Every structure is written in structure tokens, then in C-alpha cells.
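A.B. asks: Take a look at this one; I'll ask things after.
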Amino acid sequence: MLEKMDEFFNNRVYLYEEHQLNAIECAKEFYPFTAECLPLKPDAFVLDLGCGTGLELDYYFRLNPTARITGIDVAEDMLDVLKKRFSDKAITVIKGSYFDVSFGNSRYDAAVSAESLHHFTKEEKVPLYKKVRQALSPGGFFILTDYFAESEETELRLREELRRIKTKEGIRDGGLYHFDTPLTAEHEIQALEEAGFSCVSVLKRWGATCTVKAVK
Ligand SMILES: C[S@@+](CC[C@H](N)C(=O)[O-])C[C@H]1O[C@@H](n2cnc3c(N)ncnc32)[C@H](O)[C@@H]1O
């Protein structure tokens, strides 16, 4: 049975970080690396898409304790952990889908997303990435760390599998369900370029996981 996105993560919140850091290859390397890519200037303003309990932010605050974060996530229980953990930090939390929340114009020095966007198609991502780009200050950038499909065949197979399960379960509501449909890194880069980003490049790879940087 497909689970709604928020319920999937709410139901697993107590095991989440242990699983994420120990079961995902090289997680103890790519989270610190993601943080190192973010702005180090005092009071940097950073948007986090799918912040969860804030693993990437934990590393980032160690490097930049005065960073000001806006974190968006659909899973309330994940956000509760984040709020307790960073109660002494400048963090604004928005419970909602990053597809629906307005990000504003030219407000952020950088945006980041870790391990969240592999649930969505290129068609869904291009308008989202346009919104991210618009929210960045001139020269601002987006750091995306996520895992990618090894081939176009895998990408299409997973997308078709999700369509098949939804049909079987009679799901027609367009809501957010937890099922991984990663794009290939090439298609992710295309989505960012179609959204208007420039200098889109893979900064580092760990198996299927990459950190991609895209500049406004
Ligand atoms: C695997 S967790 C990653 C959390 C955190 N970034 C990390 O790496 O530890 C994925 C997170 O993305 C959130 N998420 C998925 N789709 C979302 C959406 N459309 N809008 C906001 N949050 C979303 C989930 O609720 C979950 O907390």
C-alpha cells in the first residue's frame, strides 16, 4: 500500500536519523559536504526544501551558527524534532508542500534540498525550480543532494511502477505519496537548466548520490 508522504515520515521519525546516516551509502560524507557548499557569511539566508529533522542543517549550523533558515516540510513530526533541536537558532519552519508554498522574490542567498526531491517527475520539478530560482538573490545558488537513477530505463520503470500501483489502489487524488521515482542526473540537470539556472554542475558523487550546484 502506498503511504501518504507526511504519514510515511511521521510514522518513522524515531528511526529516521539512524536509518538515514547508517543505511544510506556515504551519508556521513554527503551531509557534511552539502553543508560545506552553503554560504559561510554571517546571517546567510537559506531556504531548505524538505528539511525533515534537519540533518544537513545540523552540519551547516556548525559551520555557520548565525545562518537564518526557512525550512519547508510536509511531515509535522519531523518538523517537531527539528524545532526542538534548533530552538536556539534563527529558523522559520513552514509545514506544507514546497509545490504549494510561496518562496518570495530575491530573498535567499542559497537554497538546499537533501534526499527529498527523488519523489517527483521532471514535469513537476521545472516549475518548482523556477520558483526556487526566483526566490534567490542575484548570484544566489541551489545545492541539491539526492540520489539518482542509474539509467533512463530505471527512471521510466519506477515511474511506470508508481502509475501501476496508483491505478491498482484507485488513487486519483494527485496527493503526495511516498514512492521513489529518481530522475537520472542528466534529466535533473536538464530540469534545472529549463528552469533558467546556469552553471549547473555535479560537484561530487558517492555511488548513486550526487551533489548538484545550480546558479541563478
Ligand atoms: C528522506 S527525508 C530528508 C529530510 C532531510 N532533508 C534529510 O536529508 O535528512 C525527505 C523529506 O522530504 C519531505 N517532503 C517530501 N515531499 C515534500 C514536499 N512536496 N514538500 C515538502 N516536504 C516534502 C518529507 O516529509 C521528508 O521529511
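Residues in the C-alpha cells are named by chain (A, B, ... in the order shown) and by number from 1 within that chain; ligands are numbered from 1 in the order shown.
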DSSP on the backbone: which residues in region 104-149 of chain A end up as helix (DSSP H, G or I)? Give the answer as a list of chain:residue names.

C.D. replies: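 Residues of region 104-149 of chain A classed as helix (DSSP H, G or I): A:Leu117, A:His118, A:His119, A:Lys122, A:Glu123, A:Glu124, A:Lys125, A:Val126, A:Pro127, A:Leu128, A:Tyr129, A:Lys130, A:Lys131, A:Val132, A:Arg133, A:Gln134, A:Ala135.
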
A.B. asks: Suppose we keep N, CA and C atoms; can you now write the selection as a PDB file, in the first residue's frame?

C.D. replies:
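Contents of the output file again.pdb:
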```pdb
ATOM      1  N   LEU A 117      13.846  15.289  -3.147  1.00  0.00           N
ATOM      2  CA  LEU A 117      13.222  15.534  -4.460  1.00  0.00           C
ATOM      3  C   LEU A 117      13.177  14.309  -5.367  1.00  0.00           C
ATOM      4  N   HIS A 118      13.665  13.159  -4.882  1.00  0.00           N
ATOM      5  CA  HIS A 118      13.634  11.955  -5.727  1.00  0.00           C
ATOM      6  C   HIS A 118      12.243  11.328  -5.806  1.00  0.00           C
ATOM      7  N   HIS A 119      11.250  12.012  -5.261  1.00  0.00           N
ATOM      8  CA  HIS A 119       9.879  11.503  -5.352  1.00  0.00           C
ATOM      9  C   HIS A 119       9.109  12.128  -6.506  1.00  0.00           C
ATOM     10  N   LYS A 122      10.195  15.169 -13.681  1.00  0.00           N
ATOM     11  CA  LYS A 122      10.791  16.365 -14.270  1.00  0.00           C
ATOM     12  C   LYS A 122       9.708  17.429 -14.512  1.00  0.00           C
ATOM     13  N   GLU A 123       8.540  16.999 -14.949  1.00  0.00           N
ATOM     14  CA  GLU A 123       7.439  17.940 -15.232  1.00  0.00           C
ATOM     15  C   GLU A 123       7.030  18.682 -13.956  1.00  0.00           C
ATOM     16  N   GLU A 124       7.099  17.980 -12.824  1.00  0.00           N
ATOM     17  CA  GLU A 124       6.753  18.651 -11.556  1.00  0.00           C
ATOM     18  C   GLU A 124       7.893  19.554 -11.093  1.00  0.00           C
ATOM     19  N   LYS A 125       9.131  19.152 -11.422  1.00  0.00           N
ATOM     20  CA  LYS A 125      10.277  19.887 -10.881  1.00  0.00           C
ATOM     21  C   LYS A 125      10.548  21.211 -11.592  1.00  0.00           C
ATOM     22  N   VAL A 126      10.311  21.270 -12.893  1.00  0.00           N
ATOM     23  CA  VAL A 126      10.692  22.503 -13.613  1.00  0.00           C
ATOM     24  C   VAL A 126       9.988  23.742 -13.020  1.00  0.00           C
ATOM     25  N   PRO A 127       8.650  23.706 -12.825  1.00  0.00           N
ATOM     26  CA  PRO A 127       8.021  24.893 -12.207  1.00  0.00           C
ATOM     27  C   PRO A 127       8.516  25.142 -10.785  1.00  0.00           C
ATOM     28  N   LEU A 128       8.799  24.059 -10.042  1.00  0.00           N
ATOM     29  CA  LEU A 128       9.326  24.239  -8.679  1.00  0.00           C
ATOM     30  C   LEU A 128      10.695  24.917  -8.735  1.00  0.00           C
ATOM     31  N   TYR A 129      11.545  24.484  -9.637  1.00  0.00           N
ATOM     32  CA  TYR A 129      12.884  25.057  -9.735  1.00  0.00           C
ATOM     33  C   TYR A 129      12.831  26.509 -10.214  1.00  0.00           C
ATOM     34  N   LYS A 130      11.828  26.840 -11.052  1.00  0.00           N
ATOM     35  CA  LYS A 130      11.651  28.262 -11.441  1.00  0.00           C
ATOM     36  C   LYS A 130      11.339  29.097 -10.197  1.00  0.00           C
ATOM     37  N   LYS A 131      10.516  28.535  -9.327  1.00  0.00           N
ATOM     38  CA  LYS A 131      10.138  29.237  -8.092  1.00  0.00           C
ATOM     39  C   LYS A 131      11.358  29.378  -7.176  1.00  0.00           C
ATOM     40  N   VAL A 132      12.194  28.342  -7.106  1.00  0.00           N
ATOM     41  CA  VAL A 132      13.413  28.409  -6.279  1.00  0.00           C
ATOM     42  C   VAL A 132      14.330  29.496  -6.839  1.00  0.00           C
ATOM     43  N   ARG A 133      14.494  29.498  -8.158  1.00  0.00           N
ATOM     44  CA  ARG A 133      15.396  30.469  -8.795  1.00  0.00           C
ATOM     45  C   ARG A 133      14.932  31.902  -8.515  1.00  0.00           C
ATOM     46  N   GLN A 134      13.628  32.092  -8.622  1.00  0.00           N
ATOM     47  CA  GLN A 134      13.069  33.426  -8.384  1.00  0.00           C
ATOM     48  C   GLN A 134      13.291  33.879  -6.939  1.00  0.00           C
ATOM     49  N   ALA A 135      13.322  32.917  -6.027  1.00  0.00           N
ATOM     50  CA  ALA A 135      13.473  33.257  -4.603  1.00  0.00           C
ATOM     51  C   ALA A 135      14.911  33.606  -4.233  1.00  0.00           C
TER      52      ALA A 135
END
```

A.B. asks: Do you know which residues are within 9 Å of ligand 1 using only C-alpha atoms and all ligand atoms? Can you write them as number ranges by chain?

C.D. replies: A: 5-10, 13, 16-17, 20-21, 27, 31, 48-57, 71-79, 94-101, 112-120, 145-146, 176-178

A.B. asks: Output N, CA and C atoms of each residue in that selection to a file, as a short mmCIF file (atom, residue, chain, number, x, y, z; two decimals), in the first residue's frame.

C.D. replies:
```
data_model
loop_
_atom_site.label_atom_id
_atom_site.label_comp_id
_atom_site.auth_asym_id
_atom_site.auth_seq_id
_atom_site.Cartn_x
_atom_site.Cartn_y
_atom_site.Cartn_z
N MET A 5 2.86 10.89 1.91
CA MET A 5 4.23 11.32 2.20
C MET A 5 4.38 11.71 3.68
N ASP A 6 3.47 12.53 4.18
CA ASP A 6 3.62 13.01 5.57
C ASP A 6 3.50 11.85 6.55
N GLU A 7 2.55 10.95 6.29
CA GLU A 7 2.36 9.82 7.21
C GLU A 7 3.58 8.89 7.19
N PHE A 8 4.14 8.68 6.00
CA PHE A 8 5.32 7.81 5.89
C PHE A 8 6.43 8.32 6.82
N PHE A 9 6.72 9.61 6.75
CA PHE A 9 7.85 10.13 7.55
C PHE A 9 7.45 10.32 9.02
N ASN A 10 6.21 10.74 9.28
CA ASN A 10 5.77 10.86 10.67
C ASN A 10 5.87 9.51 11.39
N VAL A 13 9.64 8.65 12.32
CA VAL A 13 10.50 9.74 12.78
C VAL A 13 11.55 9.26 13.80
N TYR A 16 14.34 7.59 12.00
CA TYR A 16 14.75 8.24 10.76
C TYR A 16 16.25 8.51 10.66
N GLU A 17 16.80 9.19 11.66
CA GLU A 17 18.19 9.64 11.51
C GLU A 17 19.18 8.47 11.55
N GLN A 20 18.96 6.91 8.18
CA GLN A 20 19.50 7.78 7.12
C GLN A 20 21.04 7.79 7.15
N LEU A 21 21.59 7.89 8.36
CA LEU A 21 23.04 8.02 8.46
C LEU A 21 23.78 6.69 8.32
N ALA A 27 26.33 8.52 3.60
CA ALA A 27 25.56 9.65 4.15
C ALA A 27 26.43 10.50 5.08
N TYR A 31 26.32 14.52 3.78
CA TYR A 31 25.66 15.59 4.55
C TYR A 31 26.66 16.71 4.89
N ASP A 48 15.46 25.69 2.83
CA ASP A 48 15.67 24.23 2.79
C ASP A 48 14.36 23.54 2.38
N LEU A 49 14.39 22.87 1.22
CA LEU A 49 13.21 22.16 0.71
C LEU A 49 13.21 20.72 1.22
N GLY A 50 12.21 20.35 2.02
CA GLY A 50 12.16 19.00 2.58
C GLY A 50 13.20 18.84 3.67
N CYS A 51 13.19 19.76 4.64
CA CYS A 51 14.26 19.82 5.66
C CYS A 51 14.20 18.65 6.64
N GLY A 52 13.02 18.02 6.79
CA GLY A 52 12.91 16.90 7.73
C GLY A 52 13.35 17.29 9.12
N THR A 53 14.16 16.44 9.75
CA THR A 53 14.65 16.70 11.11
C THR A 53 15.91 17.59 11.08
N GLY A 54 16.37 17.90 9.88
CA GLY A 54 17.47 18.87 9.77
C GLY A 54 18.87 18.29 9.78
N LEU A 55 19.06 17.10 9.21
CA LEU A 55 20.42 16.52 9.21
C LEU A 55 21.43 17.44 8.53
N GLU A 56 21.07 17.95 7.35
CA GLU A 56 22.01 18.84 6.64
C GLU A 56 22.21 20.16 7.40
N LEU A 57 21.15 20.58 8.11
CA LEU A 57 21.24 21.85 8.85
C LEU A 57 22.13 21.70 10.08
N GLY A 71 12.77 26.46 6.65
CA GLY A 71 12.68 25.03 6.34
C GLY A 71 11.25 24.66 6.03
N ILE A 72 11.06 23.96 4.91
CA ILE A 72 9.71 23.56 4.50
C ILE A 72 9.63 22.03 4.51
N ASP A 73 8.56 21.50 5.08
CA ASP A 73 8.36 20.05 5.06
C ASP A 73 6.88 19.75 5.30
N VAL A 74 6.42 18.64 4.74
CA VAL A 74 5.02 18.24 4.94
C VAL A 74 4.81 17.42 6.21
N ALA A 75 5.90 16.90 6.79
CA ALA A 75 5.76 15.95 7.90
C ALA A 75 5.94 16.66 9.24
N GLU A 76 4.83 16.82 9.94
CA GLU A 76 4.82 17.61 11.18
C GLU A 76 5.76 17.05 12.24
N ASP A 77 5.79 15.71 12.37
CA ASP A 77 6.61 15.11 13.44
C ASP A 77 8.10 15.31 13.17
N MET A 78 8.47 15.29 11.89
CA MET A 78 9.86 15.57 11.52
C MET A 78 10.18 17.02 11.92
N LEU A 79 9.26 17.93 11.63
CA LEU A 79 9.49 19.34 11.96
C LEU A 79 9.55 19.57 13.47
N ILE A 94 8.00 25.97 7.98
CA ILE A 94 6.71 26.02 7.28
C ILE A 94 6.26 24.58 7.04
N LYS A 95 5.10 24.22 7.59
CA LYS A 95 4.56 22.89 7.32
C LYS A 95 3.69 22.97 6.07
N GLY A 96 4.16 22.34 5.02
CA GLY A 96 3.41 22.37 3.76
C GLY A 96 4.27 21.78 2.66
N SER A 97 3.67 21.68 1.48
CA SER A 97 4.42 21.15 0.34
C SER A 97 5.16 22.27 -0.36
N TYR A 98 6.41 22.01 -0.71
CA TYR A 98 7.16 23.06 -1.41
C TYR A 98 6.57 23.35 -2.79
N PHE A 99 5.67 22.50 -3.26
CA PHE A 99 5.00 22.82 -4.52
C PHE A 99 3.94 23.91 -4.31
N ASP A 100 3.43 24.02 -3.08
CA ASP A 100 2.33 24.95 -2.80
C ASP A 100 2.79 26.23 -2.11
N VAL A 101 3.85 26.15 -1.31
CA VAL A 101 4.29 27.30 -0.51
C VAL A 101 4.94 28.34 -1.42
N VAL A 112 18.72 24.84 -0.48
CA VAL A 112 19.31 23.50 -0.37
C VAL A 112 18.17 22.48 -0.32
N SER A 113 18.43 21.30 -0.83
CA SER A 113 17.50 20.20 -0.64
C SER A 113 18.30 18.91 -0.56
N ALA A 114 18.06 18.12 0.48
CA ALA A 114 18.78 16.85 0.64
C ALA A 114 17.78 15.70 0.70
N GLU A 115 17.93 14.76 -0.17
CA GLU A 115 17.21 13.48 -0.11
C GLU A 115 15.70 13.63 -0.07
N SER A 116 15.18 14.62 -0.77
CA SER A 116 13.73 14.83 -0.76
C SER A 116 13.11 14.80 -2.15
N LEU A 117 13.85 15.29 -3.15
CA LEU A 117 13.22 15.53 -4.46
C LEU A 117 13.18 14.31 -5.37
N HIS A 118 13.67 13.16 -4.88
CA HIS A 118 13.63 11.96 -5.73
C HIS A 118 12.24 11.33 -5.81
N HIS A 119 11.25 12.01 -5.26
CA HIS A 119 9.88 11.50 -5.35
C HIS A 119 9.11 12.13 -6.51
N PHE A 120 9.75 12.99 -7.29
CA PHE A 120 8.96 13.79 -8.23
C PHE A 120 9.51 13.74 -9.66
N THR A 145 21.36 17.74 -3.03
CA THR A 145 22.00 16.44 -2.80
C THR A 145 20.90 15.39 -2.76
N ASP A 146 21.01 14.43 -3.66
CA ASP A 146 19.94 13.44 -3.75
C ASP A 146 20.48 12.21 -4.47
N LEU A 176 0.40 13.71 -2.36
CA LEU A 176 1.81 13.30 -2.26
C LEU A 176 1.88 11.91 -1.62
N TYR A 177 2.42 10.96 -2.35
CA TYR A 177 2.59 9.60 -1.84
C TYR A 177 4.07 9.25 -1.84
N HIS A 178 4.46 8.40 -0.84
CA HIS A 178 5.87 8.04 -0.75
C HIS A 178 6.18 6.88 -1.68
#
```

A.B. asks: Could I get the residues of region 55-116 of chain A with an atom no further than 8 Å from an atom of region 34-46 of chain A, each paired with its nearest atom pair and that distance in Å to one decimal, using only C-alpha atoms, sorted by chain and residue number, as JSON lines?

C.D. replies:
```
{"residue": "A:Glu56", "atom": "CA", "partner": "A:Ala35", "partner_atom": "CA", "distance": 6.0}
{"residue": "A:Leu57", "atom": "CA", "partner": "A:Ala35", "partner_atom": "CA", "distance": 7.1}
{"residue": "A:Tyr59", "atom": "CA", "partner": "A:Ala35", "partner_atom": "CA", "distance": 5.8}
{"residue": "A:Tyr60", "atom": "CA", "partner": "A:Ala35", "partner_atom": "CA", "distance": 4.6}
{"residue": "A:Leu63", "atom": "CA", "partner": "A:Leu40", "partner_atom": "CA", "distance": 6.9}
{"residue": "A:Asn64", "atom": "CA", "partner": "A:Leu40", "partner_atom": "CA", "distance": 5.7}
{"residue": "A:Pro65", "atom": "CA", "partner": "A:Pro42", "partner_atom": "CA", "distance": 8.0}
{"residue": "A:Thr66", "atom": "CA", "partner": "A:Asp43", "partner_atom": "CA", "distance": 5.0}
{"residue": "A:Ala67", "atom": "CA", "partner": "A:Asp43", "partner_atom": "CA", "distance": 4.5}
{"residue": "A:Arg68", "atom": "CA", "partner": "A:Phe45", "partner_atom": "CA", "distance": 4.8}
{"residue": "A:Ile69", "atom": "CA", "partner": "A:Val46", "partner_atom": "CA", "distance": 4.9}
{"residue": "A:Thr70", "atom": "CA", "partner": "A:Val46", "partner_atom": "CA", "distance": 6.4}
{"residue": "A:Arg107", "atom": "CA", "partner": "A:Phe45", "partner_atom": "CA", "distance": 7.5}
{"residue": "A:Tyr108", "atom": "CA", "partner": "A:Phe45", "partner_atom": "CA", "distance": 5.0}
{"residue": "A:Asp109", "atom": "CA", "partner": "A:Phe45", "partner_atom": "CA", "distance": 5.3}
{"residue": "A:Ala110", "atom": "CA", "partner": "A:Val46", "partner_atom": "CA", "distance": 5.0}
{"residue": "A:Ala111", "atom": "CA", "partner": "A:Val46", "partner_atom": "CA", "distance": 5.4}
{"residue": "A:Val112", "atom": "CA", "partner": "A:Val46", "partner_atom": "CA", "distance": 7.3}
```

A.B. asks: Going by DSSP on the backbone, which bits of region 119-174 of chain A are strand (DSSP E)? Write them as a list in words, please.

C.D. replies: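 Secondary structure check on region 119-174 of chain A, strand (DSSP E): Leu136, Ser137, Pro138, Gly139, Gly140, Phe141, Phe142, Ile143, Leu144, Thr145, Asp146 and Tyr147 of chain A.
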
A.B. asks: Grab the residues selected above and save them as a compact mmCIF listing (two decimals), in the first residue's frame with C-alpha atoms.

C.D. replies:
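What ended up in part_26.txt:
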```txt
# COMPACT_ATOMS: atom_id res chain seq x y z
CA LEU A 136 17.28 33.54 -4.82
CA SER A 137 19.16 36.83 -4.65
CA PRO A 138 21.29 37.74 -7.68
CA GLY A 139 24.25 35.32 -7.66
CA GLY A 140 22.42 33.00 -5.29
CA PHE A 141 22.61 29.26 -5.82
CA PHE A 142 20.82 25.99 -5.21
CA ILE A 143 22.57 22.94 -3.73
CA LEU A 144 20.77 19.68 -4.38
CA THR A 145 22.00 16.44 -2.80
CA ASP A 146 19.94 13.44 -3.75
CA TYR A 147 20.13 10.01 -5.29
```

A.B. asks: Which one of A:Ser106, A:Leu47, A:Tyr14, A:Leu158 sits closest to Val81 (chain A) if you count only C-alpha atoms?

C.D. replies: A:Tyr14
